[in-house]
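Raw contents of query-v5.txt, compact mmCIF, C-alpha atoms:
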```txt
# COMPACT_ATOMS: atom_id res chain seq x y z
CA MET L 20 -6.55 -16.23 -19.38
CA ILE L 21 -8.34 -18.88 -21.44
CA ARG L 22 -10.70 -17.74 -24.18
CA HIS L 23 -14.00 -19.39 -25.04
CA ASP L 24 -15.17 -18.99 -28.62
CA ASP L 25 -18.84 -18.56 -27.81
CA PRO L 26 -20.09 -15.55 -29.86
CA HIS L 27 -23.13 -15.20 -27.59
CA ASP L 28 -21.08 -14.97 -24.38
CA ARG L 29 -19.79 -11.40 -24.55
CA TRP L 30 -18.68 -10.98 -20.94
CA GLY L 31 -17.90 -14.55 -19.93
CA GLN L 32 -15.50 -15.48 -22.73
CA TRP L 33 -12.44 -15.22 -20.48
CA THR L 34 -11.79 -17.43 -17.45
CA LEU L 35 -8.78 -17.99 -15.22
CA PRO L 36 -6.83 -21.21 -15.79
CA PRO L 37 -6.64 -23.85 -13.05
CA VAL L 38 -4.02 -22.97 -10.46
CA GLY L 39 -0.60 -24.11 -11.64
CA ASN L 40 -1.51 -24.24 -15.34
CA ASP L 41 -0.12 -22.09 -18.12
CA PRO L 42 -2.01 -18.74 -18.04
CA GLY L 43 -1.54 -18.23 -21.78
CA THR L 44 -3.46 -19.65 -24.72
CA SER L 45 -0.37 -20.74 -26.64
CA THR L 46 3.04 -22.27 -26.03
CA GLN L 47 4.70 -18.91 -26.67
CA THR L 48 3.91 -17.36 -23.30
CA THR L 49 6.93 -15.84 -21.57
CA THR L 50 6.20 -17.18 -18.09
CA PRO L 51 4.40 -20.51 -18.48
CA GLY L 52 2.67 -21.50 -15.29
CA SER L 53 4.34 -18.94 -13.03
CA PHE L 54 1.43 -16.51 -12.72
CA ALA L 55 -0.86 -19.34 -11.67
CA ARG L 56 1.56 -20.80 -9.13
CA GLN L 57 -0.11 -22.36 -6.12
CA PRO L 58 0.09 -19.71 -3.36
CA HIS L 59 1.76 -20.35 -0.04
CA ILE L 60 0.23 -17.96 2.46
CA ALA L 61 2.21 -18.19 5.69
CA PRO L 62 3.60 -15.84 8.36
CA GLY L 63 7.01 -14.21 8.14
CA THR L 64 9.54 -15.44 5.61
CA ARG L 65 7.59 -18.66 5.07
CA GLY L 66 5.12 -16.62 3.03
CA ALA L 67 7.74 -15.28 0.64
CA TYR L 68 6.13 -17.16 -2.24
CA THR L 69 2.65 -15.80 -1.63
CA PHE L 70 1.25 -15.57 -5.18
CA ALA L 71 4.82 -15.02 -6.42
CA SER L 72 6.20 -15.62 -9.91
CA PRO L 73 9.73 -16.81 -9.12
CA ASP L 74 10.13 -18.44 -12.54
CA THR L 75 10.02 -15.14 -14.44
CA PRO L 76 13.33 -14.83 -16.34
CA GLY L 77 15.63 -12.15 -14.97
CA MET L 78 13.63 -11.51 -11.82
CA PRO L 79 15.34 -11.85 -8.42
CA PRO L 80 13.97 -14.39 -5.95
CA PRO L 81 11.65 -13.17 -3.18
CA SER L 82 13.50 -11.52 -0.30
CA ASP L 83 14.12 -13.46 2.88
CA LYS L 84 13.47 -10.24 4.82
CA THR L 85 10.10 -9.09 6.15
CA ALA L 86 8.91 -6.21 8.32
CA TRP L 87 9.75 -8.40 11.32
CA ASP L 88 13.42 -7.82 10.47
CA PHE L 89 13.01 -4.05 10.85
CA LEU L 90 11.42 -3.66 14.27
CA PRO L 91 11.73 -0.35 16.16
CA HIS L 92 14.27 0.05 18.94
CA GLY L 93 13.21 -1.82 22.06
CA TRP L 94 11.30 -4.54 20.20
CA GLU L 95 12.14 -8.24 19.86
CA THR L 96 10.31 -11.23 18.43
CA CYS L 97 10.67 -14.96 17.96
CA GLU L 98 8.58 -17.88 16.78
CA GLY L 99 7.87 -21.24 18.36
CA ASP L 100 9.37 -22.13 21.75
CA GLN L 101 12.28 -19.69 21.56
CA ALA L 102 10.69 -17.03 23.79
CA HIS L 103 13.20 -17.71 26.56
CA GLY L 104 15.93 -16.33 24.30
CA LEU L 105 14.26 -13.02 23.57
CA HIS L 106 16.38 -10.85 25.84
CA SER L 107 19.29 -9.55 23.79
CA ALA L 108 22.27 -7.76 25.25
CA GLY L 109 21.32 -4.42 26.76
CA PHE L 110 17.58 -5.15 26.65
CA ASP L 111 15.73 -3.84 29.72
CA ALA L 112 13.17 -6.53 30.57
CA ASN L 113 11.73 -4.42 33.39
CA ALA L 114 10.67 -1.72 30.94
CA SER L 115 8.93 -4.06 28.51
CA GLU L 116 5.81 -6.12 27.99
CA SER L 117 5.35 -9.28 25.95
CA THR L 118 2.52 -10.95 24.09
CA THR L 119 2.20 -14.36 22.48
CA PHE L 120 -0.32 -15.18 19.78
CA THR L 121 -1.21 -17.90 17.30
CA GLN L 122 -0.35 -17.13 13.69
CA GLY L 123 -2.41 -18.07 10.66
CA ASP L 124 -0.58 -21.37 10.14
CA GLY L 125 -0.95 -22.46 13.77
CA THR L 126 2.57 -21.53 14.87
CA MET L 127 3.17 -19.27 17.86
CA ARG L 128 4.90 -15.89 17.89
CA THR L 129 6.09 -13.94 20.93
CA VAL L 130 6.73 -10.21 20.76
CA ARG L 131 8.39 -8.06 23.41
CA TYR L 132 7.87 -4.30 23.19
CA PRO L 133 8.31 -1.15 25.34
CA ARG L 134 5.86 -1.02 28.24
CA GLU L 135 4.62 2.49 27.42
CA PHE L 136 3.88 1.61 23.79
CA ALA L 137 0.31 2.06 22.49
CA ALA L 138 -0.53 0.71 19.03
CA SER L 139 -1.96 3.19 16.53
CA THR L 140 -1.43 1.89 12.98
CA GLN L 141 -2.57 -1.35 11.38
CA LEU L 142 1.07 -2.51 11.30
CA GLU L 143 1.55 -1.84 15.00
CA HIS L 144 -1.63 -3.70 15.92
CA ALA L 145 -0.58 -6.62 13.70
CA ARG L 146 2.80 -6.80 15.42
CA LEU L 147 0.99 -7.29 18.72
CA GLY L 148 -1.19 -10.05 17.29
CA VAL L 149 -4.33 -7.90 17.29
CA ILE L 150 -6.96 -8.38 14.57
CA THR L 151 -8.50 -4.96 14.04
CA PRO L 152 -12.01 -4.39 12.68
CA GLN L 153 -10.35 -3.26 9.46
CA MET L 154 -8.44 -6.55 9.15
CA GLN L 155 -11.68 -8.42 9.79
CA ARG L 156 -13.40 -6.45 7.04
CA VAL L 157 -10.54 -7.13 4.62
CA SER L 158 -10.95 -10.85 5.30
CA GLU L 159 -14.64 -10.57 4.41
CA ARG L 160 -13.75 -8.86 1.14
CA GLU L 161 -10.92 -11.32 0.40
CA PRO L 162 -12.71 -14.63 1.07
CA HIS L 163 -9.59 -16.70 0.41
CA LEU L 164 -7.92 -15.12 3.47
CA THR L 165 -8.69 -15.62 7.16
CA PRO L 166 -8.48 -12.66 9.57
CA GLU L 167 -5.31 -14.22 11.01
CA GLN L 168 -3.72 -14.41 7.57
CA VAL L 169 -4.58 -10.77 6.89
CA ARG L 170 -2.97 -9.78 10.19
CA ASP L 171 0.12 -11.88 9.43
CA GLU L 172 0.52 -10.37 5.96
CA VAL L 173 0.28 -6.85 7.40
CA ALA L 174 2.82 -7.74 10.11
CA ALA L 175 5.19 -9.14 7.48
CA GLY L 176 4.99 -5.95 5.42
CA ARG L 177 3.47 -7.71 2.42
CA MET L 178 0.07 -6.06 2.81
CA VAL L 179 -1.21 -2.59 3.67
CA ILE L 180 -4.67 -1.44 4.70
CA PRO L 181 -4.90 2.26 3.76
CA ALA L 182 -7.44 3.42 6.34
CA ASN L 183 -6.99 6.85 7.87
CA LYS L 184 -8.90 7.14 11.16
CA VAL L 185 -10.51 10.37 9.99
CA HIS L 186 -11.75 8.70 6.80
CA LEU L 187 -12.98 5.69 8.77
CA ALA L 188 -15.23 8.07 10.71
CA HIS L 189 -16.96 8.92 7.40
CA HIS L 190 -17.77 6.17 4.88
CA LEU L 191 -14.52 4.30 4.18
CA ASP L 192 -14.92 0.58 3.55
CA PRO L 193 -11.49 -0.92 4.41
CA MET L 194 -9.61 -2.83 1.72
CA CYS L 195 -6.11 -4.18 1.28
CA ILE L 196 -3.26 -3.95 -1.19
CA GLY L 197 -0.75 -6.78 -1.11
CA ARG L 198 0.62 -9.95 -2.63
CA ALA L 199 -1.93 -12.18 -0.93
CA GLY L 200 -4.86 -9.99 -1.93
CA LYS L 201 -6.74 -9.65 -5.19
CA THR L 202 -5.47 -7.28 -7.88
CA LYS L 203 -6.73 -3.74 -7.30
CA ILE L 204 -7.71 -0.94 -9.70
CA ASN L 205 -7.00 2.75 -9.00
CA ALA L 206 -8.79 5.72 -10.58
CA ASN L 207 -7.26 9.19 -11.00
CA ILE L 208 -9.32 12.38 -10.85
CA GLY L 209 -8.47 16.02 -10.21
CA ALA L 210 -9.35 19.63 -10.91
CA SER L 211 -7.01 21.90 -12.87
CA PRO L 212 -6.64 25.70 -12.63
CA VAL L 213 -8.90 26.08 -15.69
CA SER L 214 -11.35 23.21 -15.40
CA SER L 215 -13.65 21.41 -12.95
CA GLY L 216 -14.30 22.10 -9.28
CA THR L 217 -15.37 20.43 -6.04
CA ASP L 218 -18.82 19.31 -7.20
CA GLU L 219 -17.45 17.90 -10.44
CA GLU L 220 -14.71 15.99 -8.63
CA VAL L 221 -17.19 14.45 -6.20
CA GLU L 222 -19.25 13.40 -9.22
CA LYS L 223 -16.14 11.77 -10.73
CA LEU L 224 -15.68 9.93 -7.43
CA ARG L 225 -19.23 8.61 -7.69
CA TRP L 226 -18.56 7.28 -11.18
CA ALA L 227 -15.28 5.69 -10.14
CA GLU L 228 -17.02 3.89 -7.29
CA ARG L 229 -19.91 2.90 -9.55
CA TRP L 230 -17.47 1.14 -11.87
CA GLN L 231 -15.84 -0.51 -8.85
CA SER L 232 -12.53 1.29 -8.61
CA ASP L 233 -10.73 0.00 -5.51
CA THR L 234 -8.87 3.24 -4.69
CA LEU L 235 -8.90 6.81 -5.97
CA MET L 236 -6.29 9.56 -6.21
CA ASP L 237 -7.14 13.25 -6.11
CA LEU L 238 -4.54 14.83 -8.41
CA SER L 239 -6.02 18.33 -8.30
CA THR L 240 -3.63 21.13 -9.20
CA GLY L 241 -5.99 24.10 -9.15
CA GLY L 242 -9.06 25.55 -7.52
CA ASN L 243 -9.75 25.20 -3.81
CA LEU L 244 -7.65 22.11 -3.10
CA ASN L 245 -8.54 21.92 0.60
CA GLU L 246 -12.27 22.14 -0.02
CA CYS L 247 -12.09 19.60 -2.82
CA ARG L 248 -9.99 17.17 -0.77
CA ASP L 249 -12.30 17.46 2.23
CA ALA L 250 -15.38 16.78 0.11
CA ILE L 251 -13.83 13.74 -1.57
CA VAL L 252 -12.72 12.20 1.73
CA GLN L 253 -16.11 12.81 3.32
CA HIS L 254 -17.98 11.14 0.46
CA ALA L 255 -15.61 8.32 -0.53
CA THR L 256 -16.07 4.68 0.42
CA VAL L 257 -12.69 3.83 -1.14
CA PRO L 258 -9.23 4.90 0.11
CA ILE L 259 -8.14 8.33 -1.12
CA GLY L 260 -4.60 9.19 -2.17
CA THR L 261 -2.93 12.48 -3.05
CA VAL L 262 0.34 13.99 -4.28
CA PRO L 263 1.09 16.56 -1.54
CA ILE L 264 3.74 18.40 -3.57
CA TYR L 265 0.96 19.70 -5.85
CA ALA L 266 -0.45 21.67 -2.92
CA MET L 267 2.97 22.65 -1.56
CA ILE L 268 3.86 24.75 -4.60
CA LEU L 269 0.67 26.80 -4.74
CA GLY L 270 1.68 30.43 -4.36
CA ARG L 271 5.42 29.72 -4.27
CA LYS L 272 8.25 28.56 -6.49
CA ILE L 273 9.45 25.01 -6.04
CA GLU L 274 12.92 26.31 -5.16
CA ASP L 275 11.48 28.12 -2.12
CA LEU L 276 10.01 24.97 -0.61
CA THR L 277 11.43 24.21 2.86
CA TYR L 278 11.48 21.04 4.93
CA ASP L 279 8.90 22.60 7.25
CA ASP L 280 6.62 23.34 4.27
CA ILE L 281 6.85 19.72 3.16
CA PHE L 282 6.09 18.15 6.53
CA ARG L 283 3.40 20.71 7.32
CA GLU L 284 1.45 19.85 4.16
CA VAL L 285 1.84 16.09 4.63
CA GLU L 286 0.56 16.37 8.21
CA HIS L 287 -2.29 18.64 7.13
CA GLN L 288 -3.52 16.19 4.51
CA ALA L 289 -3.22 13.29 6.94
CA ARG L 290 -5.40 15.19 9.40
CA GLN L 291 -7.94 15.72 6.61
CA GLY L 292 -8.25 11.95 6.25
CA VAL L 293 -6.07 11.14 3.23
CA ASP L 294 -5.28 7.41 3.31
CA TYR L 295 -2.09 7.28 1.23
CA MET L 296 0.29 9.71 -0.47
CA THR L 297 2.76 9.78 -3.34
CA ILE L 298 5.98 11.47 -2.20
CA HIS L 299 8.43 10.55 -5.03
CA ALA L 300 10.98 9.18 -2.57
CA GLY L 301 12.54 7.05 -5.30
CA VAL L 302 14.22 10.01 -7.00
CA LEU L 303 17.85 10.19 -5.87
CA ARG L 304 20.31 12.96 -6.63
CA GLU L 305 22.62 10.60 -8.51
CA HIS L 306 19.75 9.59 -10.83
CA ILE L 307 19.00 13.08 -12.11
CA LYS L 308 21.98 13.28 -14.48
CA TYR L 309 20.72 10.22 -16.34
CA ALA L 310 17.25 11.69 -16.77
CA ARG L 311 18.65 14.80 -18.49
CA HIS L 312 19.47 12.81 -21.62
CA ARG L 313 16.14 10.99 -21.91
CA LEU L 314 14.14 11.91 -25.02
CA ILE L 315 11.07 12.71 -22.92
CA GLY L 316 12.79 13.80 -19.70
CA LEU L 317 11.01 13.09 -16.42
CA VAL L 318 7.42 12.20 -17.24
CA SER L 319 6.27 12.43 -13.62
CA ARG L 320 5.10 15.94 -12.74
CA GLY L 321 5.82 15.47 -9.05
CA GLY L 322 9.12 13.76 -9.82
CA SER L 323 10.25 16.60 -12.07
CA LEU L 324 9.30 19.18 -9.42
CA LEU L 325 11.28 17.32 -6.78
CA ALA L 326 14.23 16.91 -9.15
CA LYS L 327 14.30 20.67 -9.76
CA TRP L 328 14.21 21.28 -6.00
CA MET L 329 17.09 18.83 -5.48
CA ILE L 330 19.22 20.44 -8.19
CA HIS L 331 18.65 23.89 -6.72
CA HIS L 332 19.52 22.85 -3.16
CA ASN L 333 22.50 20.64 -4.01
```
Could you express the structure from this file as structure tokens?
Amino acid sequence: MIRHDDPHDRWGQWTLPPVGNDPGTSTQTTTPGSFARQPHIAPGTRGAYTFASPDTPGMPPPSDKTAWDFLPHGWETCEGDQAHGLHSAGFDANASESTTFTQGDGTMRTVRYPREFAASTQLEHARLGVITPQMQRVSEREPHLTPEQVRDEVAAGRMVIPANKVHLAHHLDPMCIGRAGKTKINANIGASPVSSGTDEEVEKLRWAERWQSDTLMDLSTGGNLNECRDAIVQHATVPIGTVPIYAMILGRKIEDLTYDDIFREVEHQARQGVDYMTIHAGVLREHIKYARHRLIGLVSRGGSLLAKWMIHHN
């Protein structure tokens, strides 16, 4: 950011530097020029440097893998005029369909997929070249991106549009999170066993939206969690996230949690309209022994609960 020393300009004293210039105000910045690198928004691996900072010391280069490299069984894809080579060994062409579409940079992509497949998620639609109403809306809210570029970024796995169909039926205004999009701000709210309630949490939601929070997480740990979650989803115009493990342990010890309990709660919250969830999947069994010697232990409540469950069952 560049500062302007105008004492009368309280809110406009900071402006972004020209693209490609040093984002700092002195020569001592740690990553001169990298944060303002000219973006290269392109489909597939060609978009690896979309608003990237590859010059940052110690950071690995962008991956040459995208979501196109991890297609489900029975799917194939290629770009350009290579469609004739799509059929790999053992691929049943009679049980498949194909579609060809123009990507955001004008190149063509062909995708072959199982004939009985029906797209449901934003990623699945993007893989078929479809621009959903949600992608169109994201393009309107991100004026530097075309609808085709939004679709391509979703298909590449560099962008997500957290938009549960149940929430869309209420008041959700679709937005995106991704490297090609603008930086987003999340707000955390939540009732505890001794404080707040549904009405208060909905009021917090109103304030978060008033101050232009892009997403909101309901971290409630007490009270009527289902009622509170329903009310927040029904009133929110921003995507709503949760930490399902908080609800899973109500009325039971963490050690008694079963796989069925876990999946049942995740499915239940998805059916309520929750747009995204924190599931602490990054905690591995081999990591726990290192956390035991940390001065402050595991600072994540959900992470510590999951770690205790893992220790008990392993």
Practice item. May I ask for the distance between atom CA of Ser239 of chain L and atom CA of Val262 of chain L, given in Å to one decimal place? Key: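 These atoms are spaced 8.7 Å apart.
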Contacts of segment 130-149 of chain L with segment 165-182 of chain L up to 8 Å, shortest pair per row, all atoms listed in the file, as CSV:
```
residue,atom,partner,partner_atom,distance
L:Gln141,CA,L:Ile180,CA,7.0
L:Leu142,CA,L:Ala174,CA,5.6
L:Glu143,CA,L:Ala174,CA,7.8
L:Ala145,CA,L:Ala174,CA,5.1
L:Arg146,CA,L:Ala174,CA,5.4
L:Gly148,CA,L:Arg170,CA,7.3
L:Val149,CA,L:Arg170,CA,7.5
```
What would the file look like if the residues just selected were written as a CSV table (one decimal), in the frame of the given file with C-alpha atoms?
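File produced: result.csv:
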```csv
chain,number,residue,atom,x,y,z
L,141,GLN,CA,-2.6,-1.4,11.4
L,142,LEU,CA,1.1,-2.5,11.3
L,143,GLU,CA,1.6,-1.8,15.0
L,145,ALA,CA,-0.6,-6.6,13.7
L,146,ARG,CA,2.8,-6.8,15.4
L,148,GLY,CA,-1.2,-10.0,17.3
L,149,VAL,CA,-4.3,-7.9,17.3
```
Study note, to complete from the structure: Pairwise distance, atom CA of Gln288 of chain L with atom CA of Glu220 of chain L, equals 17.3 Å
**Study point:** Separation of atom CA of Thr69 of chain L from atom CA of Ile204 of chain L, in Å and rounded to one decimal
**Key:**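 About the pair atom CA of Thr69 of chain L and atom CA of Ile204 of chain L: they are 19.8 Å apart.
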**Study point:** Long-range neighbours of Gly99 of chain L as an NGL selection string, 12 Å cut-off, all atoms listed in the file, 6 positions minimum in chain
**Key:** :L and (105 or 119-122 or 124-130)
Those residues with C-alpha atoms, as a short mmCIF file (atom, residue, chain, number, x, y, z; two decimals), keeping the file's coordinate frame please?
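Saved as out.cif:
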```cif
data_model
loop_
_atom_site.label_atom_id
_atom_site.label_comp_id
_atom_site.auth_asym_id
_atom_site.auth_seq_id
_atom_site.Cartn_x
_atom_site.Cartn_y
_atom_site.Cartn_z
CA LEU L 105 14.26 -13.02 23.57
CA THR L 119 2.20 -14.36 22.48
CA PHE L 120 -0.32 -15.18 19.78
CA THR L 121 -1.21 -17.90 17.30
CA GLN L 122 -0.35 -17.13 13.69
CA ASP L 124 -0.58 -21.37 10.14
CA GLY L 125 -0.95 -22.46 13.77
CA THR L 126 2.57 -21.53 14.87
CA MET L 127 3.17 -19.27 17.86
CA ARG L 128 4.90 -15.89 17.89
CA THR L 129 6.09 -13.94 20.93
CA VAL L 130 6.73 -10.21 20.76
#
```
Exercise for review: Point out the residue among L:Gly242, L:Lys308, L:Leu164, L:Ser139 with the least atom-to-atom distance to Cys195 of chain L, counting all atoms listed in the file.
Suggested key: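 Checking each of L:Gly242, L:Lys308, L:Leu164, L:Ser139 against Cys195 of chain L, counting all atoms listed in the file, the winner is L:Leu164.
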**Study point:** Residues within 6 Å of (-6.2, 8.1, 0.4), counting only C-alpha atoms, listed as a list in words
**Key:**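 Every polymer residue passing the test: Pro258, Ile259, Gly260, Val293, Asp294 and Tyr295 of chain L.
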Output C-alpha atoms for every residue in that selection, as a CSV table (one decimal), in the coordinates of the input.
```csv
chain,number,residue,atom,x,y,z
L,258,PRO,CA,-9.2,4.9,0.1
L,259,ILE,CA,-8.1,8.3,-1.1
L,260,GLY,CA,-4.6,9.2,-2.2
L,293,VAL,CA,-6.1,11.1,3.2
L,294,ASP,CA,-5.3,7.4,3.3
L,295,TYR,CA,-2.1,7.3,1.2
```
**Study point:** Of the listed residues L:Ile150, L:Val213, L:Glu246, L:Glu228, that which approaches Gly123 of chain L most closely, counting only C-alpha atoms
**Key:**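 Smallest distance to Gly123 of chain L is found for L:Ile150.
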Do a neighbour search on segment 303-307 of chain L at 10 Å with only C-alpha atoms, toss out local chain neighbours closer than 4 positions, and write the hits as a PDB file with C-alpha atoms, in the frame of the given file.
```pdb
ATOM      1  CA  HIS L 299       8.430  10.550  -5.030  1.00  0.00           C
ATOM      2  CA  ARG L 311      18.650  14.800 -18.490  1.00  0.00           C
ATOM      3  CA  HIS L 312      19.470  12.810 -21.620  1.00  0.00           C
ATOM      4  CA  GLY L 316      12.790  13.800 -19.700  1.00  0.00           C
ATOM      5  CA  LEU L 317      11.010  13.090 -16.420  1.00  0.00           C
ATOM      6  CA  SER L 323      10.250  16.600 -12.070  1.00  0.00           C
ATOM      7  CA  LEU L 325      11.280  17.320  -6.780  1.00  0.00           C
ATOM      8  CA  ALA L 326      14.230  16.910  -9.150  1.00  0.00           C
ATOM      9  CA  LYS L 327      14.300  20.670  -9.760  1.00  0.00           C
ATOM     10  CA  MET L 329      17.090  18.830  -5.480  1.00  0.00           C
ATOM     11  CA  ILE L 330      19.220  20.440  -8.190  1.00  0.00           C
ATOM     12  CA  ASN L 333      22.500  20.640  -4.010  1.00  0.00           C
TER      13      ASN L 333
END
```
Check your understanding: Between L:Ser117, L:Ser319, L:Asn183, L:Thr85, which has the minimum distance to Met296 of chain L (counting only C-alpha atoms)?
Key ->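 Closest to Met296 of chain L, using only C-alpha atoms: L:Asn183.
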**Study point:** Among listed residues L:Ala137, L:Val157, L:Leu90, L:Val257, nearest Gly197 of chain L (using only C-alpha atoms)
**Key:**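 So, comparing all the options, the nearest one is L:Val157.
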**Study point:** Selection as a PyMOL selection string: residues within 8 Å of (8.2, 21.0, -8.0), counting all atoms listed in the file
**Key:** chain L and resi 264-265+268+272-274+320-328
Check your understanding: Pick from L:Ala86, L:Val285, L:Ala227, L:Met236: nearest to Asn207 of chain L, with only C-alpha atoms counted?
Key ->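 Using only C-alpha atoms, Asn207 of chain L sits closest to L:Met236.
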Point to revise | Counting all atoms listed in the file, the residue of L:Asp218, L:Glu286, L:Asp192, L:Asp275 that sits nearest Asn243 of chain L | key: L:Asp218
Check your understanding: Leaving out Met267 of chain L and any residue of its chain fewer than 6 positions from it, which residues lie within 9 Å of it when counting all atoms listed in the file, given as an MDAnalysis selection string?
Key -> chainID L and resid 273 276 280:281 284
Keeping only C-alpha atoms, write the selected residues as an mmCIF file, keeping the file's coordinate frame.
```
data_model
loop_
_atom_site.group_PDB
_atom_site.id
_atom_site.type_symbol
_atom_site.label_atom_id
_atom_site.label_comp_id
_atom_site.auth_asym_id
_atom_site.auth_seq_id
_atom_site.Cartn_x
_atom_site.Cartn_y
_atom_site.Cartn_z
ATOM 1 C CA ILE L 273 9.450 25.010 -6.040
ATOM 2 C CA LEU L 276 10.010 24.970 -0.610
ATOM 3 C CA ASP L 280 6.620 23.340 4.270
ATOM 4 C CA ILE L 281 6.850 19.720 3.160
ATOM 5 C CA GLU L 284 1.450 19.850 4.160
#
```
